[in-house]
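Shown next: entry_22.txt, given as compact mmCIF, C-alpha atoms and all ligand atoms.
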```txt
# COMPACT_ATOMS: atom_id res chain seq x y z
CA MET A 1 5.96 5.90 -36.37
CA ASN A 2 5.07 8.23 -33.54
CA GLU A 3 7.27 8.92 -30.54
CA GLN A 4 5.40 6.48 -28.28
CA ASN A 5 5.89 3.61 -30.72
CA GLU A 6 9.56 4.29 -31.02
CA LEU A 7 9.89 3.76 -27.29
CA PHE A 8 8.80 0.17 -27.66
CA PHE A 9 11.77 -0.80 -29.76
CA LYS A 10 14.22 -0.23 -26.96
CA PHE A 11 13.33 -3.37 -25.01
CA ASP A 12 16.50 -5.17 -26.02
CA GLN A 13 18.78 -2.45 -24.66
CA PRO A 14 19.23 -1.68 -20.97
CA LEU A 15 16.30 0.49 -19.90
CA SER A 16 16.90 3.83 -18.18
CA VAL A 17 14.75 5.33 -15.44
CA ASP A 18 13.16 7.58 -18.05
CA ASP A 19 12.38 4.68 -20.39
CA ILE A 20 10.74 2.66 -17.59
CA ALA A 21 8.82 5.68 -16.33
CA ALA A 22 7.57 6.32 -19.87
CA TYR A 23 6.33 2.72 -20.25
CA LEU A 24 4.60 2.94 -16.88
CA SER A 25 2.76 6.03 -18.03
CA ILE A 26 1.07 4.44 -21.03
CA THR A 27 -2.68 4.00 -20.94
CA ASP A 28 -3.41 2.91 -24.50
CA LYS A 29 -4.66 -0.71 -24.55
CA LYS A 30 -2.67 -1.65 -27.64
CA GLN A 31 0.55 -0.28 -26.19
CA ILE A 32 -0.08 -2.02 -22.87
CA GLY A 33 -0.58 -5.20 -24.89
CA PHE A 34 2.83 -4.70 -26.45
CA VAL A 35 4.55 -4.49 -23.06
CA GLN A 36 2.54 -7.49 -21.83
CA GLN A 37 3.56 -9.61 -24.83
CA LYS A 38 7.23 -8.75 -24.41
CA ALA A 39 7.08 -9.70 -20.71
CA GLU A 40 5.30 -12.96 -21.48
CA GLN A 41 7.82 -13.80 -24.18
CA ILE A 42 10.75 -13.21 -21.79
CA LEU A 43 9.04 -15.19 -19.03
CA LEU A 44 8.46 -18.21 -21.27
CA LYS A 45 12.01 -18.08 -22.66
CA GLU A 46 13.79 -17.53 -19.34
CA CYS A 47 11.61 -19.42 -16.85
CA GLY A 48 9.25 -21.66 -18.84
CA ASN A 49 5.47 -21.82 -18.52
CA LYS A 50 5.15 -23.17 -14.97
CA VAL A 51 3.30 -21.31 -12.24
CA TYR A 52 4.55 -22.22 -8.76
CA PHE A 53 2.22 -22.29 -5.78
CA ARG A 54 3.31 -21.36 -2.28
CA ALA A 55 0.79 -21.99 0.49
CA LEU A 56 0.73 -18.89 2.67
CA VAL A 57 0.06 -18.95 6.39
CA GLU A 58 -0.17 -15.81 8.51
CA ALA A 59 1.18 -17.26 11.75
CA SER A 60 0.73 -14.23 14.03
CA ASN A 61 -0.52 -10.65 13.80
CA ILE A 62 1.36 -9.43 16.86
CA CYS A 63 3.59 -6.65 15.57
CA ARG A 64 5.96 -4.19 17.17
CA SER A 65 6.15 -2.02 14.06
CA ASP A 66 3.89 0.89 13.33
CA CYS A 67 3.81 1.24 9.53
CA TYR A 68 1.15 3.87 8.94
CA TYR A 69 -0.56 2.03 6.05
CA CYS A 70 -0.89 -1.38 7.69
CA GLY A 71 -4.03 -2.74 9.34
CA ILE A 72 -2.08 -4.75 11.93
CA ARG A 73 0.23 -1.90 12.97
CA LYS A 74 1.00 -1.79 16.69
CA PHE A 75 -1.15 1.32 17.07
CA ASN A 76 -4.35 -0.46 15.95
CA LYS A 77 -5.97 -1.50 19.23
CA SER A 78 -9.14 -2.80 17.59
CA VAL A 79 -7.41 -5.94 16.29
CA ASP A 80 -7.56 -9.20 18.30
CA ARG A 81 -3.97 -10.35 18.40
CA TYR A 82 -3.20 -14.05 17.87
CA GLN A 83 -0.32 -16.45 17.49
CA MET A 84 -1.13 -19.80 15.91
CA GLU A 85 -0.06 -22.96 17.70
CA PRO A 86 2.92 -24.65 16.04
CA GLU A 87 0.93 -27.89 15.61
CA VAL A 88 -1.75 -26.01 13.67
CA ILE A 89 0.85 -24.54 11.31
CA VAL A 90 2.46 -27.95 10.81
CA GLY A 91 -1.02 -29.36 10.06
CA LEU A 92 -1.49 -26.72 7.36
CA ALA A 93 1.97 -27.50 5.96
CA LYS A 94 0.95 -31.14 5.61
CA GLN A 95 -2.28 -30.06 3.95
CA ALA A 96 -0.22 -28.01 1.46
CA ARG A 97 2.02 -30.98 0.79
CA ASP A 98 -1.02 -33.20 0.21
CA LEU A 99 -2.28 -30.68 -2.38
CA ASN A 100 1.15 -31.22 -3.96
CA TYR A 101 2.26 -27.64 -3.25
CA ALA A 102 5.94 -28.13 -2.50
CA SER A 103 6.48 -24.69 -0.98
CA PHE A 104 5.16 -22.93 2.07
CA VAL A 105 5.34 -19.30 3.20
CA ILE A 106 5.20 -18.25 6.83
CA GLN A 107 4.37 -14.60 7.34
CA ALA A 108 3.90 -12.82 10.66
CA GLY A 109 4.02 -9.42 12.29
CA GLU A 110 7.48 -8.20 13.20
CA ARG A 111 8.95 -9.04 16.61
CA GLN A 112 12.52 -9.45 17.83
CA ASP A 113 11.91 -10.94 21.30
CA ALA A 114 13.46 -14.28 22.21
CA GLY A 115 10.06 -15.98 22.58
CA PHE A 116 9.08 -15.12 19.01
CA ILE A 117 12.43 -16.17 17.55
CA ASP A 118 12.24 -19.52 19.38
CA TYR A 119 8.66 -19.97 18.18
CA ILE A 120 9.55 -19.41 14.51
CA GLU A 121 12.64 -21.59 14.76
CA ASN A 122 10.63 -24.39 16.32
CA VAL A 123 7.89 -24.11 13.65
CA LEU A 124 10.51 -24.25 10.87
CA CYS A 125 12.21 -27.35 12.32
CA SER A 126 8.88 -29.11 12.86
CA ILE A 127 7.67 -28.43 9.32
CA LYS A 128 10.93 -29.67 7.86
CA GLU A 129 10.86 -32.85 9.97
CA GLN A 130 7.23 -33.63 9.40
CA THR A 131 6.81 -32.91 5.70
CA ARG A 132 9.64 -35.13 4.43
CA CYS A 133 8.33 -37.98 2.29
CA ASP A 134 9.40 -40.07 -0.70
CA LYS A 135 8.27 -37.40 -3.13
CA LEU A 136 9.87 -34.57 -1.12
CA PRO A 137 12.99 -35.94 0.58
CA ASP A 138 13.91 -32.43 1.79
CA GLY A 139 10.41 -31.59 2.92
CA LEU A 140 8.53 -28.47 1.87
CA GLY A 141 10.56 -25.51 0.62
CA ILE A 142 10.00 -22.73 3.15
CA THR A 143 9.91 -18.99 2.59
CA LEU A 144 9.90 -16.80 5.67
CA SER A 145 8.60 -13.26 6.01
CA VAL A 146 8.90 -11.90 9.53
CA GLY A 147 10.52 -8.54 8.92
CA GLU A 148 13.74 -6.97 10.10
CA GLN A 149 15.95 -9.14 12.32
CA THR A 150 19.61 -9.36 13.29
CA LYS A 151 22.06 -11.39 11.23
CA GLU A 152 22.22 -13.98 14.04
CA THR A 153 18.47 -14.41 13.95
CA TYR A 154 18.44 -14.73 10.15
CA GLN A 155 21.17 -17.36 10.50
CA ARG A 156 19.10 -19.32 13.04
CA PHE A 157 16.08 -19.26 10.72
CA PHE A 158 18.23 -20.38 7.80
CA ASN A 159 19.76 -23.21 9.84
CA ALA A 160 16.26 -24.27 10.93
CA GLY A 161 15.28 -24.83 7.30
CA ALA A 162 13.95 -21.64 5.69
CA HIS A 163 15.83 -20.96 2.46
CA ARG A 164 13.91 -18.00 1.00
CA TYR A 165 13.05 -14.73 2.71
CA LEU A 166 10.67 -11.93 1.73
CA LEU A 167 11.25 -8.43 3.04
CA ARG A 168 9.55 -5.71 1.09
CA VAL A 169 11.33 -2.40 0.94
CA GLU A 170 7.85 -0.84 0.30
CA THR A 171 9.38 2.05 -1.70
CA THR A 172 12.97 3.02 -2.48
CA SER A 173 12.14 6.73 -2.35
CA PRO A 174 13.58 8.05 0.94
CA HIS A 175 10.92 10.75 0.98
CA LEU A 176 7.99 8.36 0.54
CA PHE A 177 9.50 5.82 2.95
CA SER A 178 9.67 8.46 5.66
CA LYS A 179 6.03 9.41 5.03
CA LEU A 180 4.94 5.80 5.53
CA HIS A 181 6.90 4.92 8.66
CA PRO A 182 7.72 6.36 12.07
CA PRO A 183 11.24 7.84 12.34
CA GLU A 184 12.72 4.75 14.01
CA GLN A 185 11.99 2.64 10.90
CA THR A 186 14.44 3.56 8.17
CA LEU A 187 15.02 2.69 4.55
CA GLU A 188 18.75 2.16 5.28
CA SER A 189 17.95 -0.44 7.90
CA ARG A 190 15.58 -2.26 5.52
CA ILE A 191 18.19 -2.32 2.75
CA ASN A 192 20.84 -3.48 5.20
CA CYS A 193 18.62 -6.41 6.19
CA LEU A 194 18.32 -7.43 2.52
CA LYS A 195 22.12 -7.55 2.36
CA LEU A 196 22.35 -9.57 5.59
CA LEU A 197 19.84 -12.08 4.23
CA ARG A 198 21.97 -12.55 1.12
CA ASP A 199 25.13 -12.97 3.25
CA VAL A 200 23.43 -15.68 5.28
CA GLY A 201 22.57 -17.55 2.08
CA PHE A 202 18.85 -16.91 1.61
CA GLN A 203 17.23 -16.45 -1.76
CA VAL A 204 16.12 -12.88 -1.21
CA GLY A 205 12.77 -11.39 -2.13
CA THR A 206 11.62 -7.82 -1.87
CA GLY A 207 8.97 -5.58 -3.36
CA VAL A 208 7.09 -2.34 -3.19
CA MET A 209 3.60 -0.94 -2.91
CA ILE A 210 2.30 0.68 -6.07
CA GLY A 211 0.22 3.85 -6.22
CA LEU A 212 1.20 5.40 -2.90
CA PRO A 213 0.07 8.98 -2.31
CA GLY A 214 2.61 11.21 -4.04
CA GLN A 215 4.42 8.31 -5.80
CA LYS A 216 5.57 9.12 -9.34
CA THR A 217 6.30 6.75 -12.23
CA GLU A 218 9.99 7.77 -11.81
CA ASP A 219 9.89 6.47 -8.23
CA LEU A 220 8.55 3.13 -9.46
CA ALA A 221 11.13 3.02 -12.25
CA ASN A 222 13.84 3.52 -9.63
CA ASP A 223 12.34 0.66 -7.60
CA ILE A 224 12.90 -1.71 -10.54
CA LEU A 225 16.49 -0.56 -10.99
CA PHE A 226 17.03 -1.04 -7.24
CA PHE A 227 15.88 -4.69 -7.54
CA GLN A 228 18.46 -5.09 -10.29
CA ASP A 229 21.27 -3.37 -8.33
CA LEU A 230 20.70 -5.59 -5.31
CA ASP A 231 20.57 -8.70 -7.49
CA ILE A 232 17.20 -9.63 -5.98
CA ASP A 233 15.83 -13.16 -6.61
CA MET A 234 12.10 -12.78 -5.95
CA ILE A 235 9.63 -9.92 -6.22
CA GLY A 236 6.22 -9.34 -4.68
CA MET A 237 4.47 -6.09 -5.51
CA GLY A 238 0.90 -5.02 -5.11
CA PRO A 239 -1.29 -1.96 -5.34
CA PHE A 240 -1.47 0.28 -2.30
CA ILE A 241 -4.89 -0.04 -0.64
CA PRO A 242 -5.69 2.95 1.55
CA ASP A 243 -6.93 1.93 4.99
CA PRO A 244 -8.65 4.73 6.89
CA ILE A 245 -8.41 2.80 10.18
CA ALA A 246 -4.70 2.10 9.86
CA GLN A 247 -4.00 5.66 8.83
CA GLY A 248 -5.92 7.08 11.79
CA VAL A 249 -2.75 8.28 13.45
CA GLY A 250 0.56 8.72 11.77
CA GLY A 251 2.45 10.81 9.34
CA MET A 252 0.95 9.91 5.95
CA GLU A 253 0.72 13.06 3.93
CA GLU A 254 -2.60 14.77 4.59
CA GLY A 255 -4.53 15.82 1.53
CA VAL A 256 -2.44 13.82 -0.96
CA GLU A 257 -4.62 11.18 -2.58
CA CYS A 258 -3.40 7.97 -4.12
CA PRO A 259 -4.20 7.35 -7.81
CA SER A 260 -7.56 5.78 -8.78
CA PRO A 261 -8.02 2.00 -8.32
CA GLU A 262 -7.83 1.57 -12.13
CA THR A 263 -4.48 3.35 -12.26
CA ARG A 264 -3.12 1.34 -9.34
CA VAL A 265 -4.07 -1.94 -11.07
CA ARG A 266 -2.68 -0.78 -14.43
CA TRP A 267 0.57 0.34 -12.81
CA THR A 268 0.86 -2.95 -10.92
CA LEU A 269 0.43 -4.98 -14.11
CA LEU A 270 2.92 -2.75 -15.96
CA MET A 271 5.38 -2.92 -13.04
CA THR A 272 5.12 -6.72 -13.14
CA ALA A 273 5.80 -6.74 -16.88
CA LEU A 274 8.67 -4.24 -16.72
CA THR A 275 10.27 -6.06 -13.78
CA ARG A 276 10.17 -9.24 -15.88
CA ILE A 277 11.64 -7.40 -18.89
CA VAL A 278 14.49 -5.88 -16.85
CA LEU A 279 15.25 -8.70 -14.37
CA LYS A 280 14.40 -11.64 -16.67
CA ASP A 281 14.88 -14.84 -14.61
CA VAL A 282 13.59 -13.88 -11.15
CA ASN A 283 10.40 -15.21 -9.55
CA ILE A 284 7.56 -12.69 -9.50
CA ALA A 285 4.39 -13.22 -7.49
CA ALA A 286 0.87 -12.36 -8.61
CA THR A 287 -0.11 -10.82 -5.29
CA THR A 288 -3.36 -10.95 -3.34
CA ALA A 289 -3.71 -7.17 -2.96
CA LEU A 290 -4.56 -6.98 -6.68
CA GLN A 291 -7.68 -9.00 -5.95
CA ALA A 292 -8.85 -6.48 -3.38
CA ILE A 293 -9.38 -4.03 -6.26
CA ASP A 294 -10.21 -6.33 -9.16
CA PRO A 295 -11.12 -10.04 -8.70
CA GLN A 296 -9.55 -10.98 -12.07
CA ALA A 297 -6.33 -9.01 -11.69
CA ARG A 298 -4.31 -11.58 -9.74
CA GLU A 299 -4.55 -14.06 -12.60
CA GLN A 300 -4.08 -11.31 -15.15
CA ALA A 301 -0.67 -10.68 -13.56
CA LEU A 302 0.36 -14.16 -14.78
CA ARG A 303 -0.01 -12.86 -18.34
CA PHE A 304 2.19 -9.87 -17.44
CA GLY A 305 5.20 -11.93 -16.38
CA ALA A 306 4.32 -13.29 -12.92
CA ASN A 307 5.09 -16.97 -12.23
CA VAL A 308 4.24 -17.47 -8.54
CA MET A 309 0.91 -17.57 -6.71
CA MET A 310 0.36 -17.76 -2.99
CA PRO A 311 -2.98 -19.33 -2.08
CA LEU A 312 -3.92 -18.28 1.43
CA LEU A 313 -4.21 -21.12 3.95
CA THR A 314 -4.68 -19.05 7.11
CA PRO A 315 -7.72 -20.52 8.95
CA GLN A 316 -10.92 -18.47 8.69
CA SER A 317 -11.07 -18.11 12.47
CA VAL A 318 -8.06 -15.79 12.54
CA ARG A 319 -8.04 -14.45 8.98
CA LYS A 320 -10.23 -11.47 9.87
CA ASN A 321 -7.50 -10.36 12.26
CA TYR A 322 -4.84 -10.26 9.56
CA ASN A 323 -6.37 -7.49 7.50
CA LEU A 324 -3.27 -5.68 6.29
CA TYR A 325 -5.65 -3.71 4.10
CA PRO A 326 -9.45 -3.57 3.62
CA LYS A 327 -11.27 -6.10 1.40
CA LYS A 328 -8.67 -8.81 1.80
CA SER A 329 -9.98 -12.09 0.40
CA MET A 330 -11.84 -14.30 2.87
CA ARG A 331 -11.99 -17.28 0.50
CA ASP A 332 -10.79 -20.62 1.68
CA GLU A 333 -8.01 -21.02 -0.81
CA ALA A 334 -7.06 -24.42 0.55
CA SER A 335 -10.37 -25.99 -0.44
CA ILE A 336 -10.37 -28.54 -3.22
CA SER A 337 -12.99 -26.51 -5.13
CA PHE A 338 -10.86 -23.35 -5.10
CA HIS A 339 -7.83 -25.37 -6.06
CA LYS A 340 -9.60 -26.98 -9.03
CA GLU A 341 -10.97 -23.64 -10.20
CA LEU A 342 -7.54 -22.00 -10.04
CA GLU A 343 -5.95 -24.94 -11.82
CA LYS A 344 -8.52 -24.70 -14.62
CA ARG A 345 -7.99 -20.95 -15.09
CA ILE A 346 -4.21 -21.37 -15.19
CA HIS A 347 -4.50 -24.15 -17.78
CA GLU A 348 -6.83 -21.95 -19.85
CA GLN A 349 -3.99 -19.46 -20.12
CA GLY A 350 -1.71 -22.15 -21.55
CA ARG A 351 0.29 -22.40 -18.34
CA GLU A 352 1.13 -25.44 -16.23
CA ILE A 353 1.38 -25.73 -12.45
CA GLY A 354 4.77 -26.62 -11.02
CA TYR A 355 3.42 -29.33 -8.74
CA GLY A 356 5.81 -31.12 -6.44
CA ALA A 357 8.73 -28.73 -7.10
CA TRP A 358 10.08 -26.01 -4.83
CA GLY A 359 10.18 -23.70 -7.83
CA ASP A 360 13.22 -21.75 -6.70
CA SER A 361 14.16 -18.54 -8.45
CA LEU A 362 16.29 -19.50 -11.45
CA HIS A 363 18.19 -16.28 -10.88
CA ALA A 364 19.29 -17.57 -7.47
CA CYS A 365 20.04 -21.04 -8.82
CA LYS A 366 22.32 -19.60 -11.49
CA ARG A 367 24.12 -17.38 -8.96
CA ASN A 368 24.56 -20.29 -6.55
CA LYS A 369 25.32 -22.68 -9.42
CA THR A 370 22.72 -25.18 -8.16
N1 LIG A 401 -1.97 -1.71 0.93
C1 LIG A 401 -1.23 -2.56 0.19
N2 LIG A 401 -0.31 -3.39 0.70
C2 LIG A 401 -0.14 -3.36 2.03
N3 LIG A 401 0.70 -4.04 2.83
C3 LIG A 401 0.50 -3.65 4.09
N4 LIG A 401 -0.48 -2.73 4.15
C4 LIG A 401 -0.88 -2.51 2.87
C5 LIG A 401 -1.83 -1.66 2.26
N5 LIG A 401 -2.58 -0.81 2.99
C6 LIG A 401 1.71 -4.95 2.31
C7 LIG A 401 3.13 -4.39 2.58
C8 LIG A 401 3.75 -5.44 3.46
C9 LIG A 401 2.97 -6.68 3.10
C10 LIG A 401 3.02 -7.74 4.14
O1 LIG A 401 1.65 -6.20 2.96
O2 LIG A 401 3.83 -4.28 1.35
O3 LIG A 401 5.13 -5.63 3.24
```
Would you encode the structure as structure tokens?
Amino acid sequence: MNEQNELFFKFDQPLSVDDIAAYLSITDKKQIGFVQQKAEQILLKECGNKVYFRALVEASNICRSDCYYCGIRKFNKSVDRYQMEPEVIVGLAKQARDLNYASFVIQAGERQDAGFIDYIENVLCSIKEQTRCDKLPDGLGITLSVGEQTKETYQRFFNAGAHRYLLRVETTSPHLFSKLHPPEQTLESRINCLKLLRDVGFQVGTGVMIGLPGQKTEDLANDILFFQDLDIDMIGMGPFIPDPIAQGVGGMEEGVECPSPETRVRWTLLMTALTRIVLKDVNIAATTALQAIDPQAREQALRFGANVMMPLLTPQSVRKNYNLYPKKSMRDEASISFHKELEKRIHEQGREIGYGAWGDSLHACKRNKT
């Protein structure tokens, strides 16, 4: 048995940073298959074979943040800014419910002004009120993702009906974080928000970008251990997609390239598998950014331990203005034909779709004893 094979037998012990970094570094197909099988085995044992859908709507691209990698950063003046009317979002929520998706995600650029907070609160209340039915007495389950806010604001959003919140930390390396963001955006503040969200009672999701310029497998291994330390319930991770327009001005390290697209996809799949192996009963999304590099990779992530998918319901008319990164999918993922195709491919992998259920993170349910 060579040294690499020996590594594989440590899955049932707590993994160290070095172990995780070593698994992330493998390139051999057979060895990747070994990690994939272990992740799939843990997923099926801990969470079952259901894939949960969350319909995703990008409610507004108006953003006061200036993250150097992001296509809708404040600095980018070539984007037409929009804010969807509440009635339109509620209409999409009803459409999601009629497709039997019991969960909805509202994502938007980050703003802290009173008008925005009222808008989100109003949208949450309206969706809750208008999606209740016999099959879903509590309406759609709602996940919110509108960035860093005060505890009071998080509390208002929770009271208005959102019960899950996604706030990616992007990277837990202080050095990389500071390369990606202007000085007023800090890693400490991001982590503090994750703690506030937990205090308020949300199921808390976070995640990172994979394959950033200068990012090492040790950095990614530390990201996984951070998820564990913070007792995170949901994870969304995707490959970094360089965006020359977004990066036009800002502090991203000049001359440092990100890894090749193949490496970024391989790392993302391995990160998904290793997060499943370490965290066990959390929800992990197969994210859209994977598709921007490889059309098959989003579904492949389901084989590597992911159990959540987020079909994009944002109307075509505004979708082109929510390009967080280049080559974002323009497909109408709410169409019946897309839905049937996705359903077929998921069934082909021996998985079922968790229709009609919120599909909460079992990790959160166990902690909250619900
Ligand atoms: N590449 C990959 N992911 C990106 N995001 C934003 N810009 C990019 C990019 N260039 C992700 C961030 C953010 C989420 C909404 O989109 O992780 O949290």
Tell me, in Å to one decimal, how far CA of Cys47 in chain A is from CA of Gly141 in chain A. 18.5 Å
Nearest to Ile62 in chain A: which of A:Val146, A:Leu44, A:Ile127, A:Leu176 is it, counting only C-alpha atoms?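 Smallest distance to Ile62 in chain A is found for A:Val146.
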Given a cut-off of 8 Å, what residues near ligand LIG 401 (chain A) show up using all atoms listed in the file, put as a list in words?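 For ligand LIG 401 (chain A), the residues inside 8 Å are Cys67, Tyr69, Cys70, Gly71, Gln107, Leu167, Arg168, Val169, Glu170, Gly207, Val208, Met209, Ile210, Met237, Gly238, Pro239, Phe240, Ile241, Pro242, Asp243, Ala246, Ala289, Leu324, Tyr325 and Pro326 of chain A.
For the pair CA of Glu343 in chain A and CA of Phe53 in chain A, the interatomic distance is 10.5 Å.
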Give the answer as one residue: which of A:Gln203, A:Gln291, A:Thr131, A:Ser126 has the shortest atom-to-atom distance to Asn100 in chain A, using all atoms listed in the file?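 The answer is A:Thr131, which sits nearest to Asn100 in chain A.
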Atomic distance CA of His347 in chain A - CA of Tyr52 in chain A, expressed in Å with one decimal: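 If I compute the distance from CA of His347 in chain A to CA of Tyr52 in chain A, I get 12.9 Å.
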Exercise: range 14-27 of chain A partners within 12 Å, all atoms listed in the file, chain neighbours under 5 positions left out, as a PyMOL selection string: chain A and resi 3-9+32-36+210-211+215-226+228+262-275+277-280
Can you tell me, as a CSV table (one decimal) with C-alpha atoms, in the coordinates of the input, what residues are no more than 10 Å from Asn307 in chain A when counting all atoms listed in the file, ignoring any on the same chain fewer than 2 positions away?
```csv
chain,number,residue,atom,x,y,z
A,43,LEU,CA,9.0,-15.2,-19.0
A,44,LEU,CA,8.5,-18.2,-21.3
A,47,CYS,CA,11.6,-19.4,-16.8
A,48,GLY,CA,9.2,-21.7,-18.8
A,49,ASN,CA,5.5,-21.8,-18.5
A,50,LYS,CA,5.2,-23.2,-15.0
A,51,VAL,CA,3.3,-21.3,-12.2
A,52,TYR,CA,4.6,-22.2,-8.8
A,53,PHE,CA,2.2,-22.3,-5.8
A,276,ARG,CA,10.2,-9.2,-15.9
A,282,VAL,CA,13.6,-13.9,-11.2
A,283,ASN,CA,10.4,-15.2,-9.6
A,284,ILE,CA,7.6,-12.7,-9.5
A,285,ALA,CA,4.4,-13.2,-7.5
A,286,ALA,CA,0.9,-12.4,-8.6
A,301,ALA,CA,-0.7,-10.7,-13.6
A,302,LEU,CA,0.4,-14.2,-14.8
A,303,ARG,CA,0.0,-12.9,-18.3
A,304,PHE,CA,2.2,-9.9,-17.4
A,305,GLY,CA,5.2,-11.9,-16.4
A,309,MET,CA,0.9,-17.6,-6.7
A,351,ARG,CA,0.3,-22.4,-18.3
A,353,ILE,CA,1.4,-25.7,-12.4
A,354,GLY,CA,4.8,-26.6,-11.0
A,359,GLY,CA,10.2,-23.7,-7.8
A,361,SER,CA,14.2,-18.5,-8.4
```
Using only C-alpha atoms, determine which residues lie at most 6 Å from Leu313 in chain A, disregarding the query and same-chain residues fewer than 5 positions distant; provide the list as a PyMOL selection string. chain A and resi 56-57+334
Nearest residue to Arg198 in chain A from the set A:Gly236, A:Ile293, A:His181, A:Gln155 (distances using all atoms listed in the file):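 Among the listed residues, A:Gln155 lies closest to Arg198 in chain A.
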Out of A:Glu148, A:Asp229, A:Glu87, A:Asp98, which residue has the shortest atom-to-atom distance to Leu124 in chain A when counting all atoms listed in the file?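 That would be A:Glu87, the residue with the smallest distance to Leu124 in chain A.
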Looking at only C-alpha atoms, which of A:Lys320, A:His339, A:Arg111, A:Lys94 is the one that sits closest to Gln130 in chain A? A:Lys94
Would you pick out the contacts of Leu197 in chain A at 8 Å or less, using only C-alpha atoms, so that residues sharing its chain but fewer than 6 positions from it are not included, and give the list as a PDB file with C-alpha atoms, in the frame of the given file?
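Saved file around31.pdb follows:
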```pdb
ATOM      1  CA  LYS A 151      22.060 -11.390  11.230  1.00  0.00           C
ATOM      2  CA  TYR A 154      18.440 -14.730  10.150  1.00  0.00           C
ATOM      3  CA  TYR A 165      13.050 -14.730   2.710  1.00  0.00           C
ATOM      4  CA  GLN A 203      17.230 -16.450  -1.760  1.00  0.00           C
ATOM      5  CA  VAL A 204      16.120 -12.880  -1.210  1.00  0.00           C
TER       6      VAL A 204
END
```
Restore all heavy atoms in range 362-366 of chain A and list the result as a compact mmCIF listing (two decimals), in the coordinates of the input.
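Everything below was put into part.txt:
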```
# COMPACT_ATOMS: atom_id res chain seq x y z
N LEU A 362 15.18 -19.06 -10.60
CA LEU A 362 16.29 -19.50 -11.45
C LEU A 362 17.47 -18.55 -11.32
O LEU A 362 18.63 -18.94 -11.44
CB LEU A 362 15.84 -19.55 -12.91
CG LEU A 362 14.94 -20.71 -13.28
CD1 LEU A 362 14.53 -20.63 -14.73
CD2 LEU A 362 15.62 -22.04 -12.99
N HIS A 363 17.14 -17.29 -11.07
CA HIS A 363 18.19 -16.28 -10.88
C HIS A 363 19.11 -16.70 -9.73
O HIS A 363 20.34 -16.65 -9.85
CB HIS A 363 17.54 -14.93 -10.59
CG HIS A 363 18.51 -13.80 -10.59
ND1 HIS A 363 19.03 -13.29 -11.75
CD2 HIS A 363 19.08 -13.10 -9.57
CE1 HIS A 363 19.87 -12.32 -11.45
NE2 HIS A 363 19.92 -12.18 -10.14
N ALA A 364 18.50 -17.13 -8.63
CA ALA A 364 19.29 -17.57 -7.47
C ALA A 364 20.05 -18.84 -7.79
O ALA A 364 21.21 -19.00 -7.43
CB ALA A 364 18.37 -17.78 -6.27
N CYS A 365 19.38 -19.76 -8.49
CA CYS A 365 20.04 -21.04 -8.82
C CYS A 365 21.28 -20.80 -9.68
O CYS A 365 22.32 -21.42 -9.46
CB CYS A 365 19.08 -21.98 -9.55
SG CYS A 365 17.69 -22.46 -8.52
N LYS A 366 21.17 -19.87 -10.62
CA LYS A 366 22.32 -19.60 -11.49
C LYS A 366 23.44 -18.97 -10.66
O LYS A 366 24.61 -19.32 -10.82
CB LYS A 366 21.93 -18.63 -12.61
CG LYS A 366 21.10 -19.32 -13.70
CD LYS A 366 20.78 -18.31 -14.80
CE LYS A 366 19.51 -18.70 -15.53
NZ LYS A 366 18.93 -17.59 -16.28
```
